[in-house]
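**Q** What follows is work-v4.cif, mmCIF, C-alpha atoms.
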```cif
data_start
#
loop_
_atom_site.label_atom_id
_atom_site.label_comp_id
_atom_site.auth_asym_id
_atom_site.auth_seq_id
_atom_site.Cartn_x
_atom_site.Cartn_y
_atom_site.Cartn_z
CA MET V 23 5.85 -30.93 79.26
CA ASN V 24 7.94 -30.24 76.25
CA LEU V 25 10.01 -27.12 76.91
CA ASN V 26 10.40 -26.51 73.21
CA LYS V 27 6.70 -26.24 72.97
CA VAL V 28 6.49 -23.61 75.72
CA PHE V 29 8.90 -21.37 73.86
CA ASP V 30 7.34 -22.04 70.54
CA ARG V 31 6.50 -18.71 68.94
CA THR V 32 2.88 -19.41 68.21
CA PHE V 33 2.44 -20.80 71.69
CA LEU V 34 3.83 -17.62 73.24
CA LEU V 35 1.59 -15.61 70.96
CA SER V 36 -1.36 -17.52 72.35
CA TYR V 37 -0.44 -16.32 75.83
CA VAL V 38 -0.20 -12.74 74.62
CA PHE V 39 -3.62 -13.13 73.07
CA LEU V 40 -5.01 -14.51 76.27
CA LEU V 41 -3.71 -11.50 78.19
CA VAL V 42 -5.11 -9.06 75.64
CA ARG V 43 -8.45 -10.82 75.77
CA LEU V 44 -8.55 -10.70 79.56
CA PHE V 45 -7.57 -7.02 79.57
CA ILE V 46 -10.32 -5.96 77.16
CA GLY V 47 -12.80 -8.21 78.92
CA VAL V 48 -12.11 -6.77 82.37
CA LEU V 49 -12.16 -3.24 80.95
CA PHE V 50 -15.60 -3.69 79.46
CA ILE V 51 -16.98 -5.42 82.53
CA ILE V 52 -15.88 -2.44 84.62
CA ALA V 53 -17.25 0.01 82.04
CA GLY V 54 -20.56 -1.85 81.98
CA LEU V 55 -20.85 -2.00 85.76
CA ALA V 56 -19.99 1.67 86.16
CA LYS V 57 -22.79 2.56 83.73
CA LEU V 58 -25.29 0.19 85.29
CA ASP V 59 -24.55 1.75 88.62
CA GLN V 60 -25.36 5.23 87.39
CA PRO V 61 -27.79 5.11 84.50
CA ALA V 62 -28.57 8.80 84.73
CA PHE V 63 -24.94 9.78 84.42
CA PHE V 64 -24.68 7.62 81.34
CA ALA V 65 -27.88 9.13 79.92
CA HIS V 66 -26.40 12.57 80.45
CA SER V 67 -23.31 11.65 78.52
CA ILE V 68 -25.28 10.21 75.61
CA GLU V 69 -27.50 13.27 75.65
CA GLN V 70 -24.70 15.76 75.34
CA PHE V 71 -23.59 14.21 72.06
CA ASP V 72 -26.95 15.39 70.76
CA ILE V 73 -27.20 12.63 68.20
CA VAL V 74 -30.05 10.39 69.26
CA SER V 75 -33.69 11.08 70.03
CA ARG V 76 -35.20 10.41 73.44
CA PRO V 77 -36.62 6.91 72.80
CA VAL V 78 -33.28 5.79 71.37
CA LEU V 79 -31.54 7.38 74.31
CA ILE V 80 -33.62 5.39 76.79
CA VAL V 81 -33.02 2.13 74.93
CA MET V 82 -29.29 2.83 74.72
CA THR V 83 -29.09 3.79 78.39
CA TYR V 84 -30.49 0.45 79.46
CA THR V 85 -29.04 -1.82 76.78
CA LEU V 86 -25.46 -0.68 76.20
CA PRO V 87 -24.16 -1.31 79.74
CA TRP V 88 -25.48 -4.87 79.65
CA LEU V 89 -24.04 -5.38 76.20
CA GLU V 90 -20.63 -4.26 77.44
CA LEU V 91 -20.89 -6.44 80.52
CA ILE V 92 -21.97 -9.54 78.59
CA CYS V 93 -19.35 -9.06 75.88
CA GLY V 94 -16.66 -8.60 78.53
CA VAL V 95 -17.65 -11.81 80.30
CA LEU V 96 -17.85 -13.75 77.01
CA LEU V 97 -14.43 -12.45 76.01
CA ILE V 98 -12.92 -13.68 79.25
CA LEU V 99 -14.68 -17.03 79.07
CA GLY V 100 -13.74 -17.36 75.44
CA LEU V 101 -17.27 -18.21 74.42
CA PHE V 102 -18.44 -16.73 71.12
CA LEU V 103 -15.05 -15.10 71.09
CA ARG V 104 -15.19 -13.59 67.64
CA ALA V 105 -18.80 -12.45 67.93
CA SER V 106 -18.14 -10.59 71.18
CA ALA V 107 -14.93 -9.06 69.82
CA MET V 108 -16.96 -7.90 66.83
CA LEU V 109 -19.64 -6.34 69.03
CA ILE V 110 -17.10 -4.56 71.22
CA GLY V 111 -15.42 -3.32 68.07
CA LEU V 112 -18.72 -2.00 66.74
CA MET V 113 -19.41 -0.23 70.03
CA LEU V 114 -15.97 1.36 69.97
CA LEU V 115 -16.46 2.41 66.37
CA THR V 116 -19.74 4.09 67.35
CA PHE V 117 -18.03 5.85 70.26
CA ILE V 118 -15.25 7.06 67.99
CA ILE V 119 -17.69 8.40 65.39
CA ALA V 120 -19.71 10.09 68.15
CA LEU V 121 -16.54 11.59 69.62
CA LEU V 122 -15.35 12.89 66.26
CA SER V 123 -18.73 14.40 65.44
CA ALA V 124 -18.90 16.00 68.89
CA MET V 125 -15.44 17.50 68.44
CA ALA V 126 -16.35 18.75 64.98
CA ARG V 127 -19.37 20.50 66.47
CA GLY V 128 -17.36 21.90 69.33
CA ILE V 129 -19.10 19.96 72.09
CA ALA V 130 -16.92 19.54 75.14
CA GLY V 131 -17.71 17.58 78.23
CA GLU V 132 -17.53 14.29 80.01
CA CYS V 133 -17.77 11.22 77.85
CA GLY V 134 -19.40 8.30 79.62
CA CYS V 135 -17.67 5.88 77.30
CA LEU V 136 -15.70 3.87 79.80
CA GLY V 137 -17.20 4.97 83.05
CA PHE V 138 -14.32 5.64 85.33
CA PHE V 139 -11.60 4.96 82.81
CA GLY V 140 -9.27 7.84 82.02
CA SER V 141 -10.21 11.44 82.52
CA GLY V 142 -13.07 10.88 80.12
CA ARG V 143 -13.14 14.32 78.56
CA ILE V 144 -14.24 14.50 74.96
CA GLY V 145 -11.10 15.10 72.92
CA TRP V 146 -8.24 13.56 71.00
CA PRO V 147 -6.71 11.50 73.83
CA LEU V 148 -9.97 9.66 74.31
CA THR V 149 -10.44 9.17 70.57
CA LEU V 150 -6.94 7.72 70.27
CA GLN V 151 -7.51 5.48 73.28
CA ASP V 152 -10.72 4.15 71.73
CA THR V 153 -8.97 3.67 68.39
CA ALA V 154 -6.24 1.63 70.06
CA LEU V 155 -8.89 -0.53 71.72
CA LEU V 156 -10.68 -0.88 68.39
CA ILE V 157 -7.50 -2.14 66.72
CA THR V 158 -7.00 -4.61 69.57
CA CYS V 159 -10.53 -5.89 69.08
CA ALA V 160 -9.94 -6.24 65.36
CA VAL V 161 -6.86 -8.32 66.14
CA ILE V 162 -8.85 -10.53 68.49
CA TYR V 163 -11.51 -10.93 65.82
CA ILE V 164 -9.07 -11.78 63.03
CA PHE V 165 -6.89 -14.19 64.99
CA GLY V 166 -9.62 -15.39 67.36
CA ASP V 167 -9.80 -18.65 65.47
CA ARG V 168 -6.15 -19.55 65.81
CA HIS V 169 -5.30 -18.31 69.29
CA LYS V 170 -7.82 -19.20 71.91
CA LEU V 171 -5.94 -20.58 74.85
CA ILE V 172 -8.18 -21.40 77.80
CA SER V 173 -11.49 -20.69 76.15
CA ILE V 174 -14.85 -22.41 76.06
CA ASP V 175 -14.76 -22.23 72.26
CA SER V 176 -11.65 -24.42 72.18
CA LEU V 177 -13.17 -26.72 74.82
CA ILE V 178 -16.22 -27.23 72.62
CA ALA V 179 -13.94 -27.88 69.66
CA ALA V 180 -11.96 -30.43 71.67
CA ILE V 181 -15.08 -32.25 72.80
CA LYS V 182 -16.45 -32.27 69.26
CA GLY V 183 -13.11 -33.59 68.00
CA LYS V 184 -13.16 -36.40 70.56
CA ILE V 185 -16.68 -37.40 69.67
CA GLN V 186 -15.77 -37.52 66.00
CA SER V 187 -12.61 -39.57 66.60
CA HIS V 188 -14.62 -42.11 68.58
CA ARG V 189 -16.87 -42.76 65.62
CA MET I 23 -14.14 -24.23 67.23
CA HIS I 24 -14.38 -22.68 63.84
CA TYR I 25 -17.47 -20.60 63.31
CA SER I 26 -18.57 -19.42 59.90
CA PHE I 27 -19.14 -15.69 59.40
CA LYS I 28 -22.86 -16.29 59.28
CA SER I 29 -22.91 -18.00 62.65
CA ILE I 30 -20.73 -15.24 64.12
CA ILE I 31 -23.32 -12.68 63.01
CA LEU I 32 -26.09 -14.81 64.50
CA GLN I 33 -24.18 -15.08 67.78
CA ALA I 34 -23.69 -11.31 67.81
CA ILE I 35 -27.41 -10.71 67.26
CA LEU I 36 -28.19 -13.18 70.05
CA ILE I 37 -25.88 -11.33 72.44
CA VAL I 38 -27.49 -7.97 71.58
CA LEU I 39 -30.97 -9.39 72.09
CA VAL I 40 -30.04 -10.84 75.45
CA ALA I 41 -28.52 -7.53 76.54
CA ALA I 42 -31.62 -5.61 75.42
CA ALA I 43 -33.94 -8.06 77.17
CA VAL I 44 -32.01 -8.01 80.42
CA GLY I 45 -31.61 -4.25 80.34
CA LEU I 46 -35.06 -3.18 79.22
CA ALA I 47 -37.36 -5.79 80.75
CA PRO I 48 -37.21 -4.43 84.33
CA GLN I 49 -37.86 -0.91 83.03
CA VAL I 50 -40.88 -1.58 80.81
CA GLU I 51 -43.39 -0.65 83.49
CA LEU I 52 -41.50 2.55 84.26
CA ILE I 53 -41.30 3.57 80.60
CA ILE I 54 -45.01 2.88 79.99
CA ARG I 55 -45.95 4.85 83.09
CA PHE I 56 -43.85 7.72 81.84
CA GLN I 57 -45.40 7.64 78.37
CA GLU I 58 -48.87 7.77 79.89
CA ASN I 59 -48.12 10.53 82.34
CA PRO I 60 -44.91 12.48 81.74
CA LEU I 61 -45.75 14.75 84.67
CA ASP I 62 -45.46 11.91 87.13
CA LEU I 63 -41.99 12.62 88.37
CA ARG I 64 -41.39 9.39 90.24
CA SER I 65 -38.18 7.73 89.15
CA THR I 66 -37.41 10.27 86.51
CA TYR I 67 -34.27 12.24 85.95
CA LYS I 68 -33.96 15.69 84.57
CA LEU I 69 -31.37 15.90 81.85
CA GLN I 70 -29.43 19.00 81.01
CA SER I 71 -31.72 19.80 78.12
CA GLU I 72 -34.52 20.19 80.68
CA THR I 73 -36.23 17.04 79.47
CA PHE I 74 -37.25 14.33 81.85
CA VAL I 75 -36.56 10.72 81.02
CA PRO I 76 -37.71 7.64 82.87
CA LEU I 77 -34.65 6.30 84.58
CA ARG I 78 -34.25 4.11 87.55
CA ALA I 79 -31.23 2.67 89.22
CA PRO I 80 -31.11 -1.08 88.81
CA GLU I 81 -33.00 -3.09 91.39
CA PHE I 82 -29.84 -4.68 92.67
CA THR I 83 -27.24 -2.38 94.04
CA ILE I 84 -23.69 -2.89 92.97
CA ALA I 85 -21.26 -1.93 95.66
CA LEU I 86 -18.84 -0.22 93.36
CA PRO I 87 -15.72 1.12 95.03
CA GLN I 88 -15.46 4.86 95.03
CA TRP I 89 -12.58 5.05 92.54
CA MET I 90 -14.74 3.36 89.96
CA ARG I 91 -17.45 5.93 90.24
CA LYS I 92 -17.67 9.07 88.29
CA ASN I 93 -19.31 11.72 90.31
CA PRO I 94 -22.80 11.37 89.04
CA ALA I 95 -24.46 14.14 87.12
CA GLU I 96 -27.70 12.64 88.24
CA LEU I 97 -30.30 14.32 90.29
CA LYS I 98 -33.22 12.34 91.44
CA PHE I 99 -36.53 14.07 91.85
CA ILE I 100 -38.89 12.65 94.41
CA ASP I 101 -42.53 13.36 95.14
CA LEU I 102 -44.36 13.91 98.41
CA ASN I 103 -44.87 10.22 99.17
CA GLU I 104 -41.23 9.39 98.64
CA ALA I 105 -40.16 12.39 100.69
CA LYS I 106 -42.42 11.22 103.52
CA GLU I 107 -40.87 7.78 103.27
CA TYR I 108 -37.38 9.20 103.58
CA PHE I 109 -38.61 11.27 106.50
CA ASP I 110 -40.28 8.36 108.31
CA LYS I 111 -37.38 6.00 107.84
CA LYS I 112 -34.91 8.74 108.71
CA ARG I 113 -33.02 7.87 105.56
CA GLY I 114 -31.99 11.35 104.60
CA VAL I 115 -31.13 14.73 106.01
CA PHE I 116 -33.54 17.39 104.80
CA LEU I 117 -32.06 20.64 103.61
CA ASP I 118 -34.21 23.73 103.27
CA ALA I 119 -32.86 25.83 100.41
CA ARG I 120 -35.03 28.87 101.11
CA PRO I 121 -33.85 32.11 102.72
CA SER I 122 -33.52 31.94 106.49
CA ASP I 123 -36.62 34.03 107.32
CA ASP I 124 -38.84 31.64 105.34
CA TYR I 125 -37.17 28.78 107.11
CA ALA I 126 -37.80 30.40 110.49
CA LYS I 127 -41.51 30.69 109.75
CA GLY I 128 -41.90 27.02 109.08
CA HIS I 129 -40.03 24.03 107.75
CA ILE I 130 -40.06 20.25 107.63
CA ARG I 131 -39.33 18.94 111.11
CA GLY I 132 -35.64 18.30 111.57
CA ALA I 133 -34.62 20.04 108.35
CA PHE I 134 -31.57 22.26 108.30
CA ASN I 135 -31.51 25.60 106.59
CA LEU I 136 -28.93 25.83 103.87
CA SER I 137 -29.65 28.70 101.54
CA LEU I 138 -27.68 28.96 98.34
CA ARG I 139 -26.15 32.19 99.57
CA ASP I 140 -24.91 30.66 102.82
CA PHE I 141 -23.66 27.67 100.93
CA ALA I 142 -21.77 29.77 98.39
CA LEU I 143 -20.20 31.89 101.11
CA GLY I 144 -19.26 28.83 103.13
CA HIS I 145 -21.11 30.22 106.14
CA SER I 146 -22.83 26.99 106.95
CA GLN I 147 -21.31 24.41 109.26
CA ILE I 148 -24.05 21.86 108.64
CA LEU I 149 -22.22 19.93 105.98
CA SER I 150 -18.98 19.52 107.87
CA SER I 151 -20.46 16.83 110.08
CA TYR I 152 -21.64 14.66 107.19
CA SER I 153 -19.75 12.42 104.81
CA LYS I 154 -20.05 12.75 101.06
CA LYS I 155 -22.14 9.59 101.09
CA GLN I 156 -24.86 11.13 103.22
CA LEU I 157 -28.26 11.17 101.60
CA PHE I 158 -29.60 14.70 101.42
CA VAL I 159 -33.10 15.71 100.43
CA THR I 160 -33.29 19.31 99.28
CA TYR I 161 -36.51 21.26 99.00
CA CYS I 162 -37.69 24.83 98.62
CA GLU I 163 -41.03 26.60 98.54
CA SER I 164 -42.99 24.92 95.74
CA PRO I 165 -42.51 22.86 92.57
CA SER I 166 -41.76 25.99 90.59
CA CYS I 167 -39.01 27.49 92.77
CA GLY I 168 -35.63 26.34 91.44
CA LEU I 169 -33.63 26.69 94.63
CA SER I 170 -33.69 23.06 95.74
CA GLU I 171 -32.36 21.89 92.41
CA LYS I 172 -29.66 24.57 92.38
CA LEU I 173 -28.62 23.63 95.89
CA ALA I 174 -28.44 19.96 94.91
CA ARG I 175 -26.30 20.81 91.89
CA SER I 176 -23.97 22.88 94.05
CA LEU I 177 -23.69 20.01 96.51
CA GLN I 178 -22.89 17.72 93.61
CA GLU I 179 -20.04 19.95 92.60
CA LYS I 180 -18.69 19.61 96.12
CA GLY I 181 -18.68 15.85 95.71
CA TYR I 182 -21.88 14.83 97.47
CA PHE I 183 -23.54 12.23 95.32
CA ASN I 184 -26.47 10.88 97.27
CA LEU I 185 -28.94 13.64 96.56
CA ARG I 186 -32.68 13.86 96.15
CA VAL I 187 -34.73 16.87 95.19
CA PHE I 188 -38.16 16.95 96.77
CA SER I 189 -39.84 18.88 94.00
CA GLY I 190 -43.16 19.41 95.79
CA GLY I 191 -41.40 21.48 98.40
CA TRP I 192 -42.73 23.19 101.48
CA VAL I 193 -46.16 23.88 99.94
CA HIS I 194 -46.92 20.21 99.31
CA TRP I 195 -45.55 19.17 102.69
CA GLN I 196 -47.64 21.75 104.48
CA GLU I 197 -50.81 20.85 102.56
CA ALA I 198 -50.36 17.22 103.51
CA GLY I 199 -50.06 18.23 107.14
CA TYR I 200 -46.87 16.30 107.69
CA PRO I 201 -44.60 17.02 110.67
CA MET I 202 -43.24 20.52 110.68
CA GLU I 203 -41.81 23.09 113.01
CA GLY I 204 -41.26 26.85 113.05
CA SER I 205 -42.74 30.08 114.39
CA ASP I 206 -45.94 29.91 112.32
CA GLU I 207 -46.87 26.49 113.58
CA SER I 208 -50.17 26.60 115.32
#
```
Would you kindly transcribe this structure into structure tokens?

**A**
Amino acid sequence: MNLNKVFDRTFLLSYVFLLVRLFIGVLFIIAGLAKLDQPAFFAHSIEQFDIVSRPVLIVMTYTLPWLELICGVLLILGLFLRASAMLIGLMLLTFIIALLSAMARGIAGECGCLGFFGSGRIGWPLTLQDTALLITCAVIYIFGDRHKLISIDSLIAAIKGKIQSHR
Amino acid sequence: MHYSFKSIILQAILIVLVAAAVGLAPQVELIIRFQENPLDLRSTYKLQSETFVPLRAPEFTIALPQWMRKNPAELKFIDLNEAKEYFDKKRGVFLDARPSDDYAKGHIRGAFNLSLRDFALGHSQILSSYSKKQLFVTYCESPSCGLSEKLARSLQEKGYFNLRVFSGGWVHWQEAGYPMEGSDES
């Protein structure tokens, strides 16, 4: 193995990206599992934001945890990397908007956003935490094409490349 | 693999559809049942706004470690049949939330008396022998008395999370002629 290559800047960056990807992936898997485990708790937390009607609430209660779980797994596997980063980003954006609107209306309480993660009270710390995660997801989305060490996406690309070179 | 923006959007939609299918498919029957008969309290949860929604824990149980769990704000309401099932299978400890003289007259066999007052004053020693994981079924006089729910909420605040509220209460149990004990038993 070429040592120069290991210390190559872009190569190192790829490792950083891999770590970031794994971190966000694991975080969302845990968040998804925690919500799946306690649907009613999650329903309570959506309810207190007082934004959605009951049918939407039921759909969200059952769909969002799975969406988080699937996106987390895809992010770790590196399959549909940019699509899952985009979806996680959209979810975070929704959470942030909900948090801000709740704070503007003076609603205080537990936010079910990340299950166990953090103290989970509605407030600025949580909003900032979600914003930081959102930025991270944006970074994964933007650079997801260039840095995808150990991912199924790159595996597919490699296989496709091989097939084409054989022709 | 370079994906175009269009295919990324398509992938995203696919992921959402899969999540919705996996999440909602097992609940369809429950939701339809609820739409047809909102008063059927099986597998429903009461939210803070006093509305019931059809909710059910997933069929598979995930053994989440305790640190991952938030203490649930969930209270599960069960009907007579479910209460009898818990009773028969000895799955839960029954707690009678009524005042002690009502309890003395008659109660579900094996139930302990834990009135809200005793609980608040810490007079009761019943809880000390159970872990926070213990399944408790609370009940009071009838579906309209609120004591069982209040007791369950108070237990929740103390960290007990495996709680059921038998909303039918003593009246339903008595009418069904299920096992009971107490001074009025004849």

**Q** Once the PyMOL selection byres ((chain V and resi 174) around 10) is applied to the coordinates I shared, what remains selected? I want it as a VMD selection string.

**A** (chain V and resid 96 to 103 170 to 173 175 to 180) or (chain I and resid 23)

**Q** With all atoms listed in the file as the atoms that count, which of V:Gly47, V:Gly111, V:Pro87, V:Gly94 lies nearest to chain I?

**A** V:Pro87

**Q** Go ahead and compute the interatomic distance for atom CA of I:Ala133 and atom CA of I:Leu117, in Å to one decimal.

**A**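 These atoms are spaced 5.4 Å apart.
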
**Q** Which residue out of V:Ile162, V:Ala53, V:Leu89, V:Leu156 has the minimum interatomic distance to V:Ser36 when all atoms listed in the file are used?

**A**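 Closest candidate: V:Ile162.
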
**Q** Of the residues I:Tyr125, I:Trp192, I:Phe141, I:Phe183, which is the one nearest to chain V, using all atoms listed in the file?

**A**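 Closest to chain V of all the choices is I:Phe183.
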
**Q** List, as a list in words, every residue that the PyMOL selection byres ((chain I and resi 182) around 10) selects in the file provided.

**A**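 After applying the PyMOL selection byres ((chain I and resi 182) around 10), what remains is Asn93, Pro94, Leu149, Tyr152, Ser153, Lys154, Lys155, Gln156, Leu157, Phe158, Ala174, Arg175, Ser176, Leu177, Gln178, Glu179, Lys180, Gly181, Phe183, Asn184 and Leu185 of chain I.
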
**Q** Which residues would end up in the selection if the PyMOL selection byres ((chain V and resi 155) around 12) were applied here, given that I need the answer as a PDB file with C-alpha atoms, in the frame of the given file?

**A**
```
ATOM      1  CA  VAL V  42      -5.110  -9.060  75.640  1.00  0.00           C
ATOM      2  CA  ARG V  43      -8.450 -10.820  75.770  1.00  0.00           C
ATOM      3  CA  PHE V  45      -7.570  -7.020  79.570  1.00  0.00           C
ATOM      4  CA  ILE V  46     -10.320  -5.960  77.160  1.00  0.00           C
ATOM      5  CA  GLY V  47     -12.800  -8.210  78.920  1.00  0.00           C
ATOM      6  CA  LEU V  49     -12.160  -3.240  80.950  1.00  0.00           C
ATOM      7  CA  PHE V  50     -15.600  -3.690  79.460  1.00  0.00           C
ATOM      8  CA  ALA V 107     -14.930  -9.060  69.820  1.00  0.00           C
ATOM      9  CA  MET V 108     -16.960  -7.900  66.830  1.00  0.00           C
ATOM     10  CA  ILE V 110     -17.100  -4.560  71.220  1.00  0.00           C
ATOM     11  CA  GLY V 111     -15.420  -3.320  68.070  1.00  0.00           C
ATOM     12  CA  LEU V 112     -18.720  -2.000  66.740  1.00  0.00           C
ATOM     13  CA  MET V 113     -19.410  -0.230  70.030  1.00  0.00           C
ATOM     14  CA  LEU V 114     -15.970   1.360  69.970  1.00  0.00           C
ATOM     15  CA  LEU V 115     -16.460   2.410  66.370  1.00  0.00           C
ATOM     16  CA  PHE V 117     -18.030   5.850  70.260  1.00  0.00           C
ATOM     17  CA  ILE V 118     -15.250   7.060  67.990  1.00  0.00           C
ATOM     18  CA  LEU V 136     -15.700   3.870  79.800  1.00  0.00           C
ATOM     19  CA  LEU V 148      -9.970   9.660  74.310  1.00  0.00           C
ATOM     20  CA  THR V 149     -10.440   9.170  70.570  1.00  0.00           C
ATOM     21  CA  LEU V 150      -6.940   7.720  70.270  1.00  0.00           C
ATOM     22  CA  GLN V 151      -7.510   5.480  73.280  1.00  0.00           C
ATOM     23  CA  ASP V 152     -10.720   4.150  71.730  1.00  0.00           C
ATOM     24  CA  THR V 153      -8.970   3.670  68.390  1.00  0.00           C
ATOM     25  CA  ALA V 154      -6.240   1.630  70.060  1.00  0.00           C
ATOM     26  CA  LEU V 156     -10.680  -0.880  68.390  1.00  0.00           C
ATOM     27  CA  ILE V 157      -7.500  -2.140  66.720  1.00  0.00           C
ATOM     28  CA  THR V 158      -7.000  -4.610  69.570  1.00  0.00           C
ATOM     29  CA  CYS V 159     -10.530  -5.890  69.080  1.00  0.00           C
ATOM     30  CA  ALA V 160      -9.940  -6.240  65.360  1.00  0.00           C
ATOM     31  CA  VAL V 161      -6.860  -8.320  66.140  1.00  0.00           C
ATOM     32  CA  ILE V 162      -8.850 -10.530  68.490  1.00  0.00           C
TER      33      ILE V 162
END
```

**Q** Compile the residues of chain V that lie within 8 Å of chain I, evaluated using all atoms listed in the file, and express the compilation as a ChimeraX atom specification.

**A** /V:52,55-56,58-63,65-66,69,76,80-81,84-86,88-89,92-93,102,104-106,108-109,137-139,167,175-176,178-180

**Q** If you count all atoms listed in the file, which residues fall within 10 Å of V:Ala120, apart from same-chain ones fewer than 6 positions away, as JSON, numbers by chain?

**A** {"V": [68, 71, 72, 73, 114, 126, 133, 144, 149]}

**Q** Would you compute the distance between atom CA of I:Tyr161 and atom CA of I:Ala119? Give it in Å to one decimal.

**A**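 Result for atom CA of I:Tyr161 versus atom CA of I:Ala119: 6.0 Å, one decimal.
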
**Q** One decimal, Å: what's the distance from atom CA of I:Asp110 over to atom CA of I:Asn135, could you say?

**A**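 Going from atom CA of I:Asp110 over to atom CA of I:Asn135, I get 19.4 Å.
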
**Q** Which polymer residues have any atom within 8 Å of an atom of I:Ala105, counting all atoms listed in the file, with same-chain residues fewer than 4 positions away left out, as a ChimeraX atom specification?

**A** /I:100-101,109,159,188

**Q** I need the residue nearest I:Ala126 from this list: I:Met202, I:Leu102, I:Val50, I:Cys167. Use only C-alpha atoms for the distance.

**A**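 Closest residue, counting only C-alpha atoms: I:Met202.
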
**Q** Give the answer as one residue: which of V:Leu44, V:Ser67, V:Phe165, V:Thr83 has the shortest atom-to-atom distance to V:Arg143, using only C-alpha atoms?

**A** V:Ser67

**Q** Missing atoms in stretch 176-190 of chain I need filling: write out N, CA and C atoms for it as a PDB file, keeping the file's coordinate frame.

**A**
```
ATOM      1  N   SER I 176     -25.160  22.346  93.392  1.00  0.00           N
ATOM      2  CA  SER I 176     -23.970  22.880  94.050  1.00  0.00           C
ATOM      3  C   SER I 176     -23.343  21.834  94.967  1.00  0.00           C
ATOM      4  N   LEU I 177     -24.201  21.070  95.637  1.00  0.00           N
ATOM      5  CA  LEU I 177     -23.690  20.010  96.510  1.00  0.00           C
ATOM      6  C   LEU I 177     -22.952  18.963  95.688  1.00  0.00           C
ATOM      7  N   GLN I 178     -23.530  18.684  94.514  1.00  0.00           N
ATOM      8  CA  GLN I 178     -22.890  17.720  93.610  1.00  0.00           C
ATOM      9  C   GLN I 178     -21.485  18.157  93.258  1.00  0.00           C
ATOM     10  N   GLU I 179     -21.364  19.442  92.968  1.00  0.00           N
ATOM     11  CA  GLU I 179     -20.040  19.950  92.600  1.00  0.00           C
ATOM     12  C   GLU I 179     -19.057  19.791  93.734  1.00  0.00           C
ATOM     13  N   LYS I 180     -19.561  19.800  94.958  1.00  0.00           N
ATOM     14  CA  LYS I 180     -18.690  19.610  96.120  1.00  0.00           C
ATOM     15  C   LYS I 180     -18.397  18.142  96.385  1.00  0.00           C
ATOM     16  N   GLY I 181     -18.992  17.270  95.575  1.00  0.00           N
ATOM     17  CA  GLY I 181     -18.680  15.850  95.710  1.00  0.00           C
ATOM     18  C   GLY I 181     -19.709  15.016  96.436  1.00  0.00           C
ATOM     19  N   TYR I 182     -20.803  15.625  96.868  1.00  0.00           N
ATOM     20  CA  TYR I 182     -21.880  14.830  97.470  1.00  0.00           C
ATOM     21  C   TYR I 182     -22.642  14.181  96.333  1.00  0.00           C
ATOM     22  N   PHE I 183     -22.912  12.874  96.470  1.00  0.00           N
ATOM     23  CA  PHE I 183     -23.540  12.230  95.320  1.00  0.00           C
ATOM     24  C   PHE I 183     -24.863  11.571  95.634  1.00  0.00           C
ATOM     25  N   ASN I 184     -25.233  11.542  96.907  1.00  0.00           N
ATOM     26  CA  ASN I 184     -26.470  10.880  97.270  1.00  0.00           C
ATOM     27  C   ASN I 184     -27.547  11.939  97.508  1.00  0.00           C
ATOM     28  N   LEU I 185     -28.067  12.488  96.416  1.00  0.00           N
ATOM     29  CA  LEU I 185     -28.940  13.640  96.560  1.00  0.00           C
ATOM     30  C   LEU I 185     -30.326  13.387  95.986  1.00  0.00           C
ATOM     31  N   ARG I 186     -31.317  13.935  96.664  1.00  0.00           N
ATOM     32  CA  ARG I 186     -32.680  13.860  96.150  1.00  0.00           C
ATOM     33  C   ARG I 186     -33.259  15.273  96.193  1.00  0.00           C
ATOM     34  N   VAL I 187     -34.039  15.587  95.179  1.00  0.00           N
ATOM     35  CA  VAL I 187     -34.730  16.870  95.190  1.00  0.00           C
ATOM     36  C   VAL I 187     -36.205  16.610  95.402  1.00  0.00           C
ATOM     37  N   PHE I 188     -36.733  17.090  96.500  1.00  0.00           N
ATOM     38  CA  PHE I 188     -38.160  16.950  96.770  1.00  0.00           C
ATOM     39  C   PHE I 188     -38.859  18.101  96.063  1.00  0.00           C
ATOM     40  N   SER I 189     -39.382  17.790  94.859  1.00  0.00           N
ATOM     41  CA  SER I 189     -39.840  18.880  94.000  1.00  0.00           C
ATOM     42  C   SER I 189     -41.116  19.546  94.533  1.00  0.00           C
ATOM     43  N   GLY I 190     -41.933  18.815  95.259  1.00  0.00           N
ATOM     44  CA  GLY I 190     -43.160  19.410  95.790  1.00  0.00           C
ATOM     45  C   GLY I 190     -42.882  20.556  96.746  1.00  0.00           C
TER      46      GLY I 190
END
```
